[in-house]
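One structure is given here, and the rest of the page talks about it.
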Amino acid sequence: MSDERKERARIPPRWFVRLFWSTHRGLYRLTGGRFGLRRAKPNRWGMMHLTTTGRRTGQERSVILGYIEDGPNLVTMAMNGWADSEPAWWLNLQAQPEASVDLADGRRTVRGRAAEGEERSRLWAGWREVNTDLDGYAALRSAETAVVILEPSTGPDR
């Protein structure tokens with residue numbers, strides 16, 4: 001990777017990332033979901049509110065994530081502020097793939113899985129279209145970042 005790309009791939013300090021997302025979640029809760037979500041567009045990722053089941057507690061756990069659309073599927077990345085550790089929501093989703101998402105236009109029940117092979121490459125390229133520094137950020141992690149597909153499910157809403 002070029003030095004220029006490494007320079008552009010700098011991320012804010014961990015405390016700042018955590019503060020930003022905590023504030024975002026707080027505003028989402030305070031406004032009853034009226035603030036904090038947006039639809040994905042061809043040139044911009046959207047924001048969704050994902051609710052999973054905790055792998056240890058069995059309790060609902062929620063997080064706001066960026067996503068792009070791939071037909072009826074929602075596609076996100078299992079990154080933890082680009083830190084090396086896997087995000088808790090992804091570990092929860094691997095243990096219990098059924099989840100729900102709140103989008104700007106309503107709630108959906110989904111089933112999560114990791115994209116693999118050609119499908120992962122295609123979806124990564126889709127993310128690269130809305131985030132040109134994606135490869136630089138991914139290079140900051142020691143392991144490959146999972147591309148997570150949330151497929152529509154026919155199960156009951158949470």
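If you're wondering about the labels, chains in the structure tokens are A, B, ... by order shown, residues count from 1 in each chain, ligands from 1 in order shown.
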Task: Nearby residues (only C-alpha atoms) at most 7 Å from region 114-119 of chain A, same-chain spacing under 4 positions excluded, as a PyMOL selection string - done: chain A and resi 123+146-149
Task: Surrounding residues of Glu86 (chain A) excluding itself and chain neighbours under 6 positions, 10 Å, only C-alpha atoms, as a ChimeraX atom specification - done: /A:78-80,143,145-146
Task: Non-local contacts of Ala40 (chain A) (9 Å; only C-alpha atoms; under 2 positions in same chain excluded) as a ChimeraX atom specification - done: /A:38,42-47,66-69
Task: DSSP-assigned strand (DSSP E or B) among region 1-157 of chain A, expressed as an MDAnalysis selection string - done: chainID A and resid 38 41 44 46:53 60:70 73:78 80 83 98:103 106:114 146:152
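The closest residue to Pro72 (chain A), picked from A:Val17, A:Ala138, A:Leu30, A:Val110 and counting only C-alpha atoms, is A:Val110.
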Open item on the list: Which residues are close to region 52-62 of chain A, i.e. within 12 Å by only C-alpha atoms, leaving aside same-chain residues fewer than 4 positions away? Reply as number ranges by chain.
Closed with: A: 21-22, 25-26, 28-29, 48, 87-102, 109-112, 150, 157-158
TODO: Run DSSP on the backbone and give me the residues of chain A it puts in helix (DSSP H, G or I), as a PyMOL selection string.
DONE: chain A and resi 3-8+14-30+88-95+117-130+134-138
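Computed from the coordinates, the CA of Val63 (chain A) to CA of Thr76 (chain A) distance equals 12.2 Å.
Our summary of the geometry notes that CA of Leu37 (chain A) is positioned 7.3 Å from CA of His49 (chain A).
From CA of Trp82 (chain A) back to CA of Trp124 (chain A), the distance works out to 15.2 Å.
Using only C-alpha atoms, the protein and nucleic acid residues lying no more than 9 Å from Arg14 (chain A), apart from those fewer than 5 places from it along its own chain, are Leu19, Gly81 and Ala83 of chain A.
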Output file for the residues above (C-alpha atoms, as a compact mmCIF listing (two decimals), in the first residue's frame):
```txt
# COMPACT_ATOMS: atom_id res chain seq x y z
CA LEU A 19 -18.01 8.86 21.90
CA GLY A 81 -13.85 1.00 14.38
CA ALA A 83 -9.66 -2.19 15.43
```
